[in-house]
file final_4.cif (mmCIF, C-alpha atoms)
data_work
#
loop_
_atom_site.group_PDB
_atom_site.id
_atom_site.type_symbol
_atom_site.label_atom_id
_atom_site.label_comp_id
_atom_site.auth_asym_id
_atom_site.auth_seq_id
_atom_site.Cartn_x
_atom_site.Cartn_y
_atom_site.Cartn_z
ATOM 1 C CA MET A 257 -84.719 -5.643 -29.601
ATOM 2 C CA ASP A 258 -83.259 -3.651 -26.708
ATOM 3 C CA LEU A 259 -80.648 -1.105 -27.836
ATOM 4 C CA THR A 260 -79.331 -0.860 -24.272
ATOM 5 C CA VAL A 261 -78.509 -4.581 -24.210
ATOM 6 C CA ILE A 262 -76.755 -4.265 -27.601
ATOM 7 C CA VAL A 263 -74.617 -1.415 -26.226
ATOM 8 C CA PHE A 264 -73.850 -3.508 -23.132
ATOM 9 C CA GLY A 265 -72.777 -6.365 -25.425
ATOM 10 C CA LEU A 266 -70.539 -4.083 -27.499
ATOM 11 C CA GLY A 267 -68.763 -2.671 -24.461
ATOM 12 C CA VAL A 268 -68.302 -6.039 -22.780
ATOM 13 C CA GLY A 269 -67.127 -7.603 -26.055
ATOM 14 C CA ILE A 270 -64.419 -4.944 -26.437
ATOM 15 C CA LEU A 271 -63.215 -5.625 -22.894
ATOM 16 C CA ILE A 272 -63.142 -9.383 -23.528
ATOM 17 C CA GLY A 273 -61.056 -8.924 -26.664
ATOM 18 C CA MET A 274 -58.629 -6.509 -24.989
ATOM 19 C CA THR A 275 -58.178 -8.075 -21.561
ATOM 20 C CA GLY A 276 -59.788 -11.539 -21.523
ATOM 21 C CA ILE A 277 -62.073 -10.422 -18.693
ATOM 22 C CA GLY A 278 -65.403 -8.682 -18.358
ATOM 23 C CA GLY A 279 -67.821 -11.290 -19.750
ATOM 24 C CA GLY A 280 -69.790 -12.774 -16.870
ATOM 25 C CA SER A 281 -68.238 -10.320 -14.452
ATOM 26 C CA LEU A 282 -69.974 -7.398 -16.154
ATOM 27 C CA MET A 283 -72.804 -8.826 -18.240
ATOM 28 C CA THR A 284 -74.518 -10.780 -15.458
ATOM 29 C CA PRO A 285 -74.873 -7.775 -13.097
ATOM 30 C CA LEU A 286 -75.873 -5.547 -16.032
ATOM 31 C CA LEU A 287 -78.678 -7.947 -16.962
ATOM 32 C CA ILE A 288 -79.810 -8.277 -13.342
ATOM 33 C CA LEU A 289 -79.549 -4.626 -12.294
ATOM 34 C CA PHE A 290 -80.538 -2.751 -15.467
ATOM 35 C CA ALA A 291 -82.492 -5.207 -17.626
ATOM 36 C CA GLY A 292 -84.450 -6.772 -14.749
ATOM 37 C CA ILE A 293 -83.636 -10.347 -15.790
ATOM 38 C CA HIS A 294 -84.146 -13.158 -13.241
ATOM 39 C CA PRO A 295 -80.725 -14.109 -11.799
ATOM 40 C CA THR A 296 -80.876 -17.732 -12.975
ATOM 41 C CA VAL A 297 -81.783 -16.730 -16.549
ATOM 42 C CA ALA A 298 -79.163 -13.953 -16.502
ATOM 43 C CA ILE A 299 -76.473 -16.454 -15.473
ATOM 44 C CA GLY A 300 -77.578 -19.099 -17.997
ATOM 45 C CA THR A 301 -77.899 -16.681 -20.906
ATOM 46 C CA ASP A 302 -74.602 -15.031 -20.039
ATOM 47 C CA LEU A 303 -72.774 -18.361 -20.031
ATOM 48 C CA ALA A 304 -74.286 -19.326 -23.401
ATOM 49 C CA TYR A 305 -73.536 -15.987 -25.064
ATOM 50 C CA GLY A 306 -70.060 -15.950 -23.514
ATOM 51 C CA ALA A 307 -69.275 -19.309 -25.115
ATOM 52 C CA VAL A 308 -69.943 -17.884 -28.589
ATOM 53 C CA THR A 309 -68.134 -14.601 -27.913
ATOM 54 C CA LYS A 310 -65.016 -16.146 -26.404
ATOM 55 C CA THR A 311 -64.855 -18.773 -29.151
ATOM 56 C CA LEU A 312 -64.381 -15.940 -31.628
ATOM 57 C CA GLY A 313 -61.831 -14.239 -29.380
ATOM 58 C CA GLY A 314 -60.028 -17.515 -28.622
ATOM 59 C CA TRP A 315 -59.745 -18.376 -32.323
ATOM 60 C CA ARG A 316 -58.211 -14.983 -33.083
ATOM 61 C CA HIS A 317 -55.718 -15.306 -30.220
ATOM 62 C CA LEU A 318 -54.839 -18.839 -31.359
ATOM 63 C CA ARG A 319 -54.036 -17.520 -34.823
ATOM 64 C CA LYS A 320 -51.855 -14.783 -33.278
ATOM 65 C CA GLY A 321 -49.880 -17.430 -31.343
ATOM 66 C CA THR A 322 -50.786 -16.057 -27.900
ATOM 67 C CA VAL A 323 -52.329 -19.287 -26.505
ATOM 68 C CA ASP A 324 -50.506 -21.825 -24.316
ATOM 69 C CA LEU A 325 -52.395 -24.952 -25.404
ATOM 70 C CA GLY A 326 -50.843 -27.180 -22.737
ATOM 71 C CA VAL A 327 -51.982 -25.026 -19.818
ATOM 72 C CA SER A 328 -55.417 -24.547 -21.427
ATOM 73 C CA LYS A 329 -55.874 -28.301 -21.774
ATOM 74 C CA TRP A 330 -54.987 -29.152 -18.168
ATOM 75 C CA LEU A 331 -57.080 -26.298 -16.790
ATOM 76 C CA ALA A 332 -60.018 -27.613 -18.829
ATOM 77 C CA PHE A 333 -59.662 -31.104 -17.334
ATOM 78 C CA GLY A 334 -60.709 -29.520 -14.039
ATOM 79 C CA SER A 335 -62.872 -26.588 -15.128
ATOM 80 C CA VAL A 336 -65.245 -28.452 -17.469
ATOM 81 C CA PRO A 337 -66.535 -30.955 -14.865
ATOM 82 C CA GLY A 338 -66.351 -28.228 -12.202
ATOM 83 C CA SER A 339 -68.551 -25.869 -14.202
ATOM 84 C CA ILE A 340 -71.118 -28.591 -14.918
ATOM 85 C CA ALA A 341 -71.214 -29.406 -11.197
ATOM 86 C CA GLY A 342 -71.814 -25.714 -10.504
ATOM 87 C CA VAL A 343 -74.777 -25.599 -12.899
ATOM 88 C CA ILE A 344 -76.274 -28.714 -11.301
ATOM 89 C CA LEU A 345 -75.859 -27.192 -7.832
ATOM 90 C CA LEU A 346 -77.409 -23.928 -9.032
ATOM 91 C CA ASP A 347 -80.488 -25.674 -10.391
ATOM 92 C CA ALA A 348 -80.887 -28.021 -7.416
ATOM 93 C CA VAL A 349 -80.317 -25.588 -4.558
ATOM 94 C CA LEU A 350 -80.373 -21.908 -5.587
ATOM 95 C CA LYS A 351 -82.753 -21.580 -8.542
ATOM 96 C CA ASP A 352 -85.783 -20.768 -6.361
ATOM 97 C CA ARG A 353 -83.820 -18.667 -3.872
ATOM 98 C CA PRO A 354 -83.022 -15.511 -5.893
ATOM 99 C CA ASP A 355 -81.826 -13.439 -2.915
ATOM 100 C CA THR A 356 -79.326 -16.118 -1.900
ATOM 101 C CA LEU A 357 -78.219 -16.441 -5.516
ATOM 102 C CA LEU A 358 -77.751 -12.666 -5.791
ATOM 103 C CA ILE A 359 -75.596 -12.669 -2.673
ATOM 104 C CA GLY A 360 -73.497 -15.432 -4.246
ATOM 105 C CA VAL A 361 -73.106 -13.388 -7.436
ATOM 106 C CA GLY A 362 -72.186 -10.335 -5.349
ATOM 107 C CA ILE A 363 -69.513 -12.263 -3.446
ATOM 108 C CA ALA A 364 -68.083 -13.601 -6.719
ATOM 109 C CA LEU A 365 -67.994 -10.068 -8.166
ATOM 110 C CA LEU A 366 -66.297 -8.791 -5.029
ATOM 111 C CA VAL A 367 -63.629 -11.502 -5.262
ATOM 112 C CA VAL A 368 -63.063 -10.751 -8.951
ATOM 113 C CA SER A 369 -62.865 -6.976 -8.428
ATOM 114 C CA ILE A 370 -60.328 -7.377 -5.608
ATOM 115 C CA SER A 371 -58.276 -9.813 -7.705
ATOM 116 C CA ILE A 372 -58.193 -7.394 -10.656
ATOM 117 C CA LEU A 373 -57.169 -4.465 -8.450
ATOM 118 C CA PHE A 374 -54.536 -6.596 -6.707
ATOM 119 C CA ARG A 375 -53.204 -7.749 -10.061
ATOM 120 C CA ALA A 376 -53.037 -4.191 -11.387
ATOM 121 C CA LEU A 377 -51.491 -2.569 -8.318
ATOM 122 C CA PHE A 378 -49.352 -5.131 -6.527
ATOM 123 C CA LEU A 379 -48.004 -7.626 -9.053
ATOM 124 C CA GLN A 380 -45.199 -5.541 -10.532
ATOM 125 C CA ALA A 381 -42.562 -7.945 -9.171
ATOM 126 C CA ALA A 382 -44.165 -10.834 -11.057
ATOM 127 C CA ILE A 383 -43.176 -9.209 -14.349
ATOM 128 C CA GLU A 384 -39.542 -10.184 -13.749
ATOM 129 C CA ARG A 385 -40.515 -13.876 -13.625
ATOM 130 C CA GLU A 386 -42.700 -13.962 -16.740
ATOM 131 C CA ARG A 387 -42.215 -16.716 -19.311
ATOM 132 C CA HIS A 388 -43.596 -17.396 -22.765
ATOM 133 C CA THR A 389 -44.498 -21.043 -22.159
ATOM 134 C CA VAL A 390 -44.934 -23.406 -19.196
ATOM 135 C CA GLU A 391 -43.139 -26.708 -18.643
ATOM 136 C CA LEU A 392 -45.891 -29.244 -17.928
ATOM 137 C CA THR A 393 -44.470 -31.117 -14.952
ATOM 138 C CA LEU A 394 -46.667 -33.365 -12.810
ATOM 139 C CA GLY A 395 -46.990 -30.588 -10.212
ATOM 140 C CA THR A 396 -48.030 -28.079 -12.870
ATOM 141 C CA LYS A 397 -50.694 -30.431 -14.231
ATOM 142 C CA ILE A 398 -52.108 -31.117 -10.748
ATOM 143 C CA ALA A 399 -52.191 -27.383 -9.996
ATOM 144 C CA ALA A 400 -53.934 -26.651 -13.297
ATOM 145 C CA VAL A 401 -56.621 -29.331 -12.813
ATOM 146 C CA SER A 402 -57.246 -28.293 -9.188
ATOM 147 C CA LEU A 403 -57.500 -24.583 -9.991
ATOM 148 C CA GLY A 404 -59.704 -25.333 -12.980
ATOM 149 C CA ALA A 405 -62.112 -27.392 -10.867
ATOM 150 C CA ILE A 406 -62.511 -24.710 -8.190
ATOM 151 C CA LEU A 407 -62.909 -21.807 -10.593
ATOM 152 C CA GLY A 408 -65.135 -23.869 -12.894
ATOM 153 C CA LEU A 409 -67.502 -24.532 -9.980
ATOM 154 C CA LEU A 410 -67.674 -20.793 -9.247
ATOM 155 C CA LEU A 411 -68.316 -20.089 -12.924
ATOM 156 C CA GLY A 412 -71.157 -22.612 -13.158
ATOM 157 C CA LEU A 413 -72.827 -21.135 -10.069
ATOM 158 C CA THR A 414 -72.502 -17.428 -10.882
ATOM 159 C CA SER A 415 -71.130 -17.049 -14.478
ATOM 160 C CA VAL A 416 -68.395 -14.872 -12.912
ATOM 161 C CA GLY A 417 -64.662 -15.472 -13.056
ATOM 162 C CA SER A 418 -63.904 -17.203 -16.363
ATOM 163 C CA GLY A 419 -61.548 -14.367 -17.302
ATOM 164 C CA ALA A 420 -60.410 -12.477 -14.219
ATOM 165 C CA LEU A 421 -59.713 -15.349 -11.823
ATOM 166 C CA ILE A 422 -58.177 -17.686 -14.386
ATOM 167 C CA GLY A 423 -56.107 -14.735 -15.620
ATOM 168 C CA LEU A 424 -54.814 -14.132 -12.096
ATOM 169 C CA ALA A 425 -53.873 -17.821 -11.815
ATOM 170 C CA LEU A 426 -52.011 -17.635 -15.131
ATOM 171 C CA ILE A 427 -49.903 -14.816 -13.662
ATOM 172 C CA LEU A 428 -49.365 -16.037 -10.108
ATOM 173 C CA VAL A 429 -49.105 -19.793 -10.685
ATOM 174 C CA PHE A 430 -47.961 -20.176 -14.292
ATOM 175 C CA ARG A 431 -46.140 -16.808 -14.693
ATOM 176 C CA LEU A 432 -47.050 -16.302 -18.351
ATOM 177 C CA THR A 433 -46.280 -13.077 -20.228
ATOM 178 C CA PRO A 434 -49.168 -10.562 -20.513
ATOM 179 C CA HIS A 435 -50.143 -11.382 -24.103
ATOM 180 C CA ARG A 436 -50.024 -15.131 -23.403
ATOM 181 C CA VAL A 437 -52.154 -14.561 -20.291
ATOM 182 C CA VAL A 438 -54.868 -12.846 -22.329
ATOM 183 C CA GLY A 439 -54.773 -15.348 -25.190
ATOM 184 C CA THR A 440 -54.677 -18.452 -22.978
ATOM 185 C CA ASP A 441 -57.381 -17.001 -20.727
ATOM 186 C CA VAL A 442 -59.805 -16.302 -23.585
ATOM 187 C CA PHE A 443 -59.127 -19.648 -25.301
ATOM 188 C CA HIS A 444 -59.652 -21.676 -22.110
ATOM 189 C CA ALA A 445 -62.744 -19.636 -21.215
ATOM 190 C CA ALA A 446 -64.335 -20.621 -24.541
ATOM 191 C CA ILE A 447 -63.934 -24.310 -23.635
ATOM 192 C CA VAL A 448 -65.372 -24.077 -20.126
ATOM 193 C CA LEU A 449 -68.181 -21.717 -21.166
ATOM 194 C CA TRP A 450 -69.393 -24.167 -23.797
ATOM 195 C CA ALA A 451 -69.610 -26.861 -21.123
ATOM 196 C CA ALA A 452 -71.444 -24.614 -18.649
ATOM 197 C CA GLY A 453 -73.615 -23.026 -21.345
ATOM 198 C CA LEU A 454 -74.809 -26.374 -22.673
ATOM 199 C CA ALA A 455 -75.564 -27.490 -19.107
ATOM 200 C CA GLN A 456 -77.623 -24.327 -18.576
ATOM 201 C CA LEU A 457 -79.410 -24.993 -21.871
ATOM 202 C CA PHE A 458 -80.319 -28.480 -20.615
ATOM 203 C CA TYR A 459 -81.951 -26.926 -17.532
ATOM 204 C CA GLY A 460 -83.856 -24.352 -19.607
ATOM 205 C CA ASN A 461 -82.071 -21.278 -18.250
ATOM 206 C CA VAL A 462 -81.062 -19.730 -21.612
ATOM 207 C CA ASP A 463 -83.138 -16.935 -23.193
ATOM 208 C CA PHE A 464 -82.267 -17.174 -26.902
ATOM 209 C CA GLY A 465 -83.832 -13.812 -27.813
ATOM 210 C CA LEU A 466 -81.806 -12.056 -25.136
ATOM 211 C CA MET A 467 -78.681 -13.993 -26.138
ATOM 212 C CA ALA A 468 -79.068 -12.952 -29.805
ATOM 213 C CA THR A 469 -79.463 -9.298 -28.798
ATOM 214 C CA ILE A 470 -76.271 -9.408 -26.710
ATOM 215 C CA LEU A 471 -74.352 -11.118 -29.530
ATOM 216 C CA ILE A 472 -75.284 -8.353 -31.992
ATOM 217 C CA GLY A 473 -73.139 -6.034 -29.905
ATOM 218 C CA SER A 474 -70.555 -8.389 -28.426
ATOM 219 C CA LEU A 475 -69.287 -10.125 -31.590
ATOM 220 C CA PRO A 476 -68.081 -6.919 -33.291
ATOM 221 C CA GLY A 477 -66.919 -5.759 -29.861
ATOM 222 C CA VAL A 478 -64.578 -8.753 -29.548
ATOM 223 C CA LEU A 479 -63.137 -8.046 -33.011
ATOM 224 C CA ILE A 480 -62.491 -4.441 -32.035
ATOM 225 C CA GLY A 481 -61.032 -5.465 -28.679
ATOM 226 C CA THR A 482 -58.603 -8.033 -30.064
ATOM 227 C CA ALA A 483 -57.410 -5.467 -32.619
ATOM 228 C CA LEU A 484 -56.806 -2.988 -29.782
ATOM 229 C CA ALA A 485 -55.140 -5.543 -27.466
ATOM 230 C CA GLY A 486 -51.755 -4.209 -26.392
ATOM 231 C CA LYS A 487 -52.479 -0.666 -27.646
ATOM 232 C CA VAL A 488 -54.509 0.591 -24.668
ATOM 233 C CA PRO A 489 -52.430 0.723 -21.449
ATOM 234 C CA ALA A 490 -53.487 -2.083 -19.106
ATOM 235 C CA VAL A 491 -52.233 0.063 -16.220
ATOM 236 C CA VAL A 492 -55.241 2.324 -16.833
ATOM 237 C CA LEU A 493 -57.796 -0.197 -18.028
ATOM 238 C CA ARG A 494 -57.514 -2.847 -15.327
ATOM 239 C CA PRO A 495 -57.923 -0.632 -12.239
ATOM 240 C CA ALA A 496 -60.896 1.071 -13.914
ATOM 241 C CA LEU A 497 -62.507 -2.304 -14.618
ATOM 242 C CA GLY A 498 -61.825 -3.434 -11.042
ATOM 243 C CA CYS A 499 -63.593 -0.333 -9.702
ATOM 244 C CA VAL A 500 -66.595 -0.877 -11.984
ATOM 245 C CA LEU A 501 -66.904 -4.474 -10.799
ATOM 246 C CA LEU A 502 -66.637 -3.327 -7.178
ATOM 247 C CA GLY A 503 -69.588 -1.013 -7.760
ATOM 248 C CA SER A 504 -71.460 -3.856 -9.490
ATOM 249 C CA ALA A 505 -70.895 -6.111 -6.470
ATOM 250 C CA LEU A 506 -72.307 -3.493 -4.114
ATOM 251 C CA GLY A 507 -75.280 -2.946 -6.430
ATOM 252 C CA VAL A 508 -76.054 -6.667 -6.546
ATOM 253 C CA PHE A 509 -75.821 -6.877 -2.734
ATOM 254 C CA SER A 510 -78.295 -4.003 -2.507
ATOM 255 C CA LYS A 511 -80.722 -5.740 -4.884
ATOM 256 C CA ALA A 512 -80.467 -8.885 -2.742
ATOM 257 C CA GLY A 513 -81.747 -6.933 0.256
ATOM 258 C CA VAL A 514 -78.426 -6.324 1.987
ATOM 259 C CA ASP A 515 -78.362 -2.955 3.770
ATOM 260 C CA VAL A 516 -75.843 -1.183 1.533
ATOM 261 C CA PRO A 517 -75.840 2.640 1.781
ATOM 262 C CA THR A 518 -76.710 4.050 -1.641
ATOM 263 C CA TRP A 519 -73.701 6.383 -1.735
ATOM 264 C CA THR A 520 -71.252 3.476 -1.398
ATOM 265 C CA ILE A 521 -72.265 1.936 -4.744
ATOM 266 C CA VAL A 522 -70.591 4.838 -6.535
ATOM 267 C CA GLY A 523 -68.546 6.406 -3.736
ATOM 268 C CA VAL A 524 -66.445 3.391 -2.752
ATOM 269 C CA PRO A 525 -65.311 2.578 -6.336
ATOM 270 C CA VAL A 526 -64.455 6.262 -6.888
ATOM 271 C CA ILE A 527 -62.359 6.351 -3.693
ATOM 272 C CA VAL A 528 -60.580 3.113 -4.665
ATOM 273 C CA GLY A 529 -59.977 4.519 -8.160
ATOM 274 C CA LEU A 530 -58.418 7.676 -6.735
ATOM 275 C CA VAL A 531 -56.151 5.607 -4.474
ATOM 276 C CA ALA A 532 -55.130 3.432 -7.444
ATOM 277 C CA THR A 533 -54.362 6.557 -9.501
ATOM 278 C CA GLY A 534 -52.259 7.955 -6.665
ATOM 279 C CA LEU A 535 -50.285 4.713 -6.321
ATOM 280 C CA HIS A 536 -49.656 4.610 -10.073
ATOM 281 C CA LYS A 537 -48.378 8.206 -10.117
ATOM 282 C CA LEU A 538 -46.166 7.528 -7.087
ATOM 283 C CA ARG A 539 -44.595 4.501 -8.804
ATOM 284 C CA ALA A 540 -44.135 6.471 -12.031
ATOM 285 C CA ARG A 541 -42.165 9.130 -10.120
ATOM 286 C CA ARG A 542 -39.988 6.569 -8.356
ATOM 287 C CA ARG A 543 -39.211 4.493 -11.440
ATOM 288 C CA PRO A 544 -36.644 6.831 -13.069
ATOM 289 C CA SER A 545 -34.675 7.135 -9.803
ATOM 290 C CA ASP A 546 -34.786 3.342 -9.397
ATOM 291 C CA ARG A 547 -33.249 2.940 -12.838
ATOM 292 C CA THR A 548 -30.524 5.515 -12.333
ATOM 293 C CA ALA A 549 -29.567 4.485 -8.789
ATOM 294 C CA PRO A 550 -27.216 1.621 -9.794
ATOM 295 C CA GLU A 551 -25.346 3.895 -12.224
ATOM 296 C CA ALA A 552 -24.377 6.215 -9.364
ATOM 297 C CA VAL A 553 -22.374 3.459 -7.649
ATOM 298 C CA PRO A 554 -18.651 3.598 -8.604
ATOM 299 C CA ALA A 555 -17.314 0.596 -10.490
#
call {"tool": "encode", "arguments": {"input": "final_4.cif", "output": "structure tokens"}}
result
Amino acid sequence: MDLTVIVFGLGVGILIGMTGIGGGSLMTPLLILFAGIHPTVAIGTDLAYGAVTKTLGGWRHLRKGTVDLGVSKWLAFGSVPGSIAGVILLDAVLKDRPDTLLIGVGIALLVVSISILFRALFLQAAIERERHTVELTLGTKIAAVSLGAILGLLLGLTSVGSGALIGLALILVFRLTPHRVVGTDVFHAAIVLWAAGLAQLFYGNVDFGLMATILIGSLPGVLIGTALAGKVPAVVLRPALGCVLLGSALGVFSKAGVDVPTWTIVGVPVIVGLVATGLHKLRARRRPSDRTAPEAVPA
């Protein structure tokens, strides 16, 4: 039993419970970069363990009333077949091409890290349009199925994106409130991860010993994370997670043989983190004046 993998599972489980993201986005590169697991097995095992972990988190969010079941259902109509198609494509085309697969994982991580940073830094205006539930019009259903299919395919191929990218869609497309975003994201992820995980099991890409070791840490981590949800400022947590994933993407590119200067793996995320901190402080200074400005205008 590897204590390092248990600690990885605990940390990732806490992030899943708190934010709905961090499962495949963090665990897959951790297994590849630090545990030396073959990319295909890392992806398959991550999907299988993620299904169990997010089922626990999804159940707890469902009980708290933070899940939009209608949006989850229509997303799943696209994401379940999409994820299975991704697993089939992975086994048929990329299984014996680890460098190509690593580049694919790196690209997915890069997309997720950018989406998290964008969400944290530039979506303040979306807060004004948030809503607790979504009216399921024909257009909404078509959008949900289409988004689910695309993101499900990416998930099946790389195990990345079940939380971060779906979460971004729940904000930009469906405009749900923050707590409903997290709850709906985790609940839907449990559904699509079971589909992808079972498909990976069929192809023999799941290491049960490794999965059990991760679960020892991740299951209590999810319980801790869901209890902390809403208590730790997302304005701090999300940019930090985005920077970590950016570093993970660069590390995976380096392992795939891409000529990535060693300093950038740590240096670039640190620079981005400093910029994000500066932007946050600048907004915090402007906010009081923004609130008081209208009061200065005579009636």
call {"tool": "closest_residue", "arguments": {"input": "final_4.cif", "among": "A:Phe464, A:Phe509, A:Phe378, A:Tyr459", "to": "Ile344 in chain A", "atoms": "all atoms listed in the file"}}
result
A:Tyr459
call {"tool": "residues_around", "arguments": {"input": "final_4.cif", "residues": "Leu413 in chain A", "least_positions_apart": "5", "cutoff": "10 Å", "atoms": "all atoms listed in the file", "output": "list in words"}}
result
Thr296, Ile299, Gly300, Gly338, Ser339, Ile340, Ala341, Gly342, Val343, Ile344, Leu345, Leu346, Asp347, Leu350, Leu357, Gly360, Val361, Ala364, Leu407, Gly408 and Ala452 of chain A
call {"tool": "residues_around", "arguments": {"input": "final_4.cif", "residues": "His444 in chain A", "least_positions_apart": "2", "cutoff": "9 Å", "atoms": "all atoms listed in the file", "output": "ChimeraX atom specification"}}
result
/A:310,314,323,325,327-329,331-332,418-419,422,439-442,446-449
call {"tool": "atom_distance", "arguments": {"input": "final_4.cif", "atom1": "CA of Arg375 in chain A", "atom2": "CA of Val261 in chain A"}}
result
29.2 Å
call {"tool": "residues_around", "arguments": {"input": "final_4.cif", "residues": "Ile372 in chain A", "least_positions_apart": "6", "cutoff": "8 Å", "atoms": "only C-alpha atoms", "output": "tab-separated table (two decimals) with C-alpha atoms, in the frame of the given file"}}
result
chain	number	residue	atom	x	y	z
A	420	ALA	CA	-60.41	-12.48	-14.22
A	424	LEU	CA	-54.81	-14.13	-12.10
A	494	ARG	CA	-57.51	-2.85	-15.33
A	495	PRO	CA	-57.92	-0.63	-12.24
A	497	LEU	CA	-62.51	-2.30	-14.62
A	498	GLY	CA	-61.82	-3.43	-11.04
call {"tool": "atom_distance", "arguments": {"input": "final_4.cif", "atom1": "CA of Ile262 in chain A", "atom2": "CA of Lys487 in chain A"}}
result
24.5 Å
call {"tool": "residues_around", "arguments": {"input": "final_4.cif", "residues": "Leu501 in chain A", "least_positions_apart": "4", "cutoff": "7 Å", "atoms": "all atoms listed in the file", "output": "short mmCIF file (atom, residue, chain, number, x, y, z; two decimals) with C-alpha atoms, in the coordinates of the input"}}
result
data_model
loop_
_atom_site.label_atom_id
_atom_site.label_comp_id
_atom_site.auth_asym_id
_atom_site.auth_seq_id
_atom_site.Cartn_x
_atom_site.Cartn_y
_atom_site.Cartn_z
CA LEU A 282 -69.97 -7.40 -16.15
CA LEU A 365 -67.99 -10.07 -8.17
CA SER A 369 -62.86 -6.98 -8.43
CA LEU A 497 -62.51 -2.30 -14.62
CA ALA A 505 -70.90 -6.11 -6.47
#
call {"tool": "atom_distance", "arguments": {"input": "final_4.cif", "atom1": "CA of Leu266 in chain A", "atom2": "CA of Ala307 in chain A"}}
result
15.5 Å
call {"tool": "resolve_selection", "arguments": {"input": "final_4.cif", "expression": "the PyMOL selection byres ((chain A and resi 510) around 12)", "output": "list in words"}}
result
Pro285, Ile288, Leu289, Asp355, Leu358, Ile359, Val361, Gly362, Gly503, Ser504, Ala505, Leu506, Gly507, Val508, Phe509, Lys511, Ala512, Gly513, Val514, Asp515, Val516, Pro517, Thr518, Trp519, Thr520 and Ile521 of chain A
call {"tool": "residues_around", "arguments": {"input": "final_4.cif", "residues": "Gly321 in chain A", "least_positions_apart": "5", "cutoff": "12 Å", "atoms": "all atoms listed in the file", "output": "PyMOL selection string"}}
result
chain A and resi 314-316+388-389+435-440+443
call {"tool": "closest_residue", "arguments": {"input": "final_4.cif", "among": "A:Pro525, A:Gly313, A:Gly395, A:Gly334", "to": "Met274 in chain A", "atoms": "only C-alpha atoms"}}
result
A:Gly313
call {"tool": "closest_residue", "arguments": {"input": "final_4.cif", "among": "A:Val367, A:Val349, A:Ile406, A:Ala298", "to": "Gln456 in chain A", "atoms": "only C-alpha atoms"}}
result
A:Ala298
call {"tool": "residues_near_point", "arguments": {"input": "final_4.cif", "point": "(-61.9, 5.1, -10.4)", "cutoff": "9 Å", "atoms": "all atoms listed in the file", "output": "ChimeraX atom specification"}}
result
/A:495-500,525-533
call {"tool": "axis_aligned_box", "arguments": {"input": "final_4.cif", "around": "range 343-360 of chain A", "padding_each_side": "6 Å", "output": "lines of an AutoDock Vina configuration file"}}
result
center_x = -79.6
center_y = -20.7
center_z = -7.4
size_x = 24.3
size_y = 28.0
size_z = 23.0
call {"tool": "decode", "arguments": {"input": "final_4.cif", "residues": "range 398-407 of chain A", "atoms": "N, CA, C and O atoms", "output": "PDB file, in the first residue's frame"}}
result
ATOM      1  N   ILE A 398     -31.336  20.551 -25.952  1.00  0.00           N
ATOM      2  CA  ILE A 398     -30.393  20.305 -27.052  1.00  0.00           C
ATOM      3  C   ILE A 398     -28.989  20.746 -26.646  1.00  0.00           C
ATOM      4  O   ILE A 398     -28.001  20.034 -26.896  1.00  0.00           O
ATOM      5  N   ALA A 399     -28.890  21.902 -25.998  1.00  0.00           N
ATOM      6  CA  ALA A 399     -27.587  22.394 -25.544  1.00  0.00           C
ATOM      7  C   ALA A 399     -26.965  21.439 -24.536  1.00  0.00           C
ATOM      8  O   ALA A 399     -25.757  21.147 -24.592  1.00  0.00           O
ATOM      9  N   ALA A 400     -27.782  20.929 -23.606  1.00  0.00           N
ATOM     10  CA  ALA A 400     -27.272  20.026 -22.584  1.00  0.00           C
ATOM     11  C   ALA A 400     -26.762  18.724 -23.195  1.00  0.00           C
ATOM     12  O   ALA A 400     -25.676  18.247 -22.852  1.00  0.00           O
ATOM     13  N   VAL A 401     -27.538  18.131 -24.112  1.00  0.00           N
ATOM     14  CA  VAL A 401     -27.120  16.872 -24.743  1.00  0.00           C
ATOM     15  C   VAL A 401     -25.848  17.075 -25.567  1.00  0.00           C
ATOM     16  O   VAL A 401     -24.921  16.264 -25.518  1.00  0.00           O
ATOM     17  N   SER A 402     -25.783  18.179 -26.320  1.00  0.00           N
ATOM     18  CA  SER A 402     -24.619  18.446 -27.168  1.00  0.00           C
ATOM     19  C   SER A 402     -23.362  18.665 -26.338  1.00  0.00           C
ATOM     20  O   SER A 402     -22.299  18.088 -26.624  1.00  0.00           O
ATOM     21  N   LEU A 403     -23.468  19.506 -25.301  1.00  0.00           N
ATOM     22  CA  LEU A 403     -22.325  19.733 -24.419  1.00  0.00           C
ATOM     23  C   LEU A 403     -21.900  18.446 -23.725  1.00  0.00           C
ATOM     24  O   LEU A 403     -20.704  18.146 -23.617  1.00  0.00           O
ATOM     25  N   GLY A 404     -22.880  17.676 -23.269  1.00  0.00           N
ATOM     26  CA  GLY A 404     -22.569  16.419 -22.600  1.00  0.00           C
ATOM     27  C   GLY A 404     -21.809  15.466 -23.510  1.00  0.00           C
ATOM     28  O   GLY A 404     -20.845  14.817 -23.084  1.00  0.00           O
ATOM     29  N   ALA A 405     -22.209  15.388 -24.775  1.00  0.00           N
ATOM     30  CA  ALA A 405     -21.551  14.473 -25.712  1.00  0.00           C
ATOM     31  C   ALA A 405     -20.100  14.864 -25.943  1.00  0.00           C
ATOM     32  O   ALA A 405     -19.191  14.015 -25.933  1.00  0.00           O
ATOM     33  N   ILE A 406     -19.850  16.158 -26.143  1.00  0.00           N
ATOM     34  CA  ILE A 406     -18.483  16.624 -26.404  1.00  0.00           C
ATOM     35  C   ILE A 406     -17.586  16.416 -25.186  1.00  0.00           C
ATOM     36  O   ILE A 406     -16.479  15.869 -25.289  1.00  0.00           O
ATOM     37  N   LEU A 407     -18.068  16.839 -24.025  1.00  0.00           N
ATOM     38  CA  LEU A 407     -17.253  16.725 -22.821  1.00  0.00           C
ATOM     39  C   LEU A 407     -17.138  15.281 -22.355  1.00  0.00           C
ATOM     40  O   LEU A 407     -16.128  14.894 -21.772  1.00  0.00           O
TER      41      LEU A 407
END
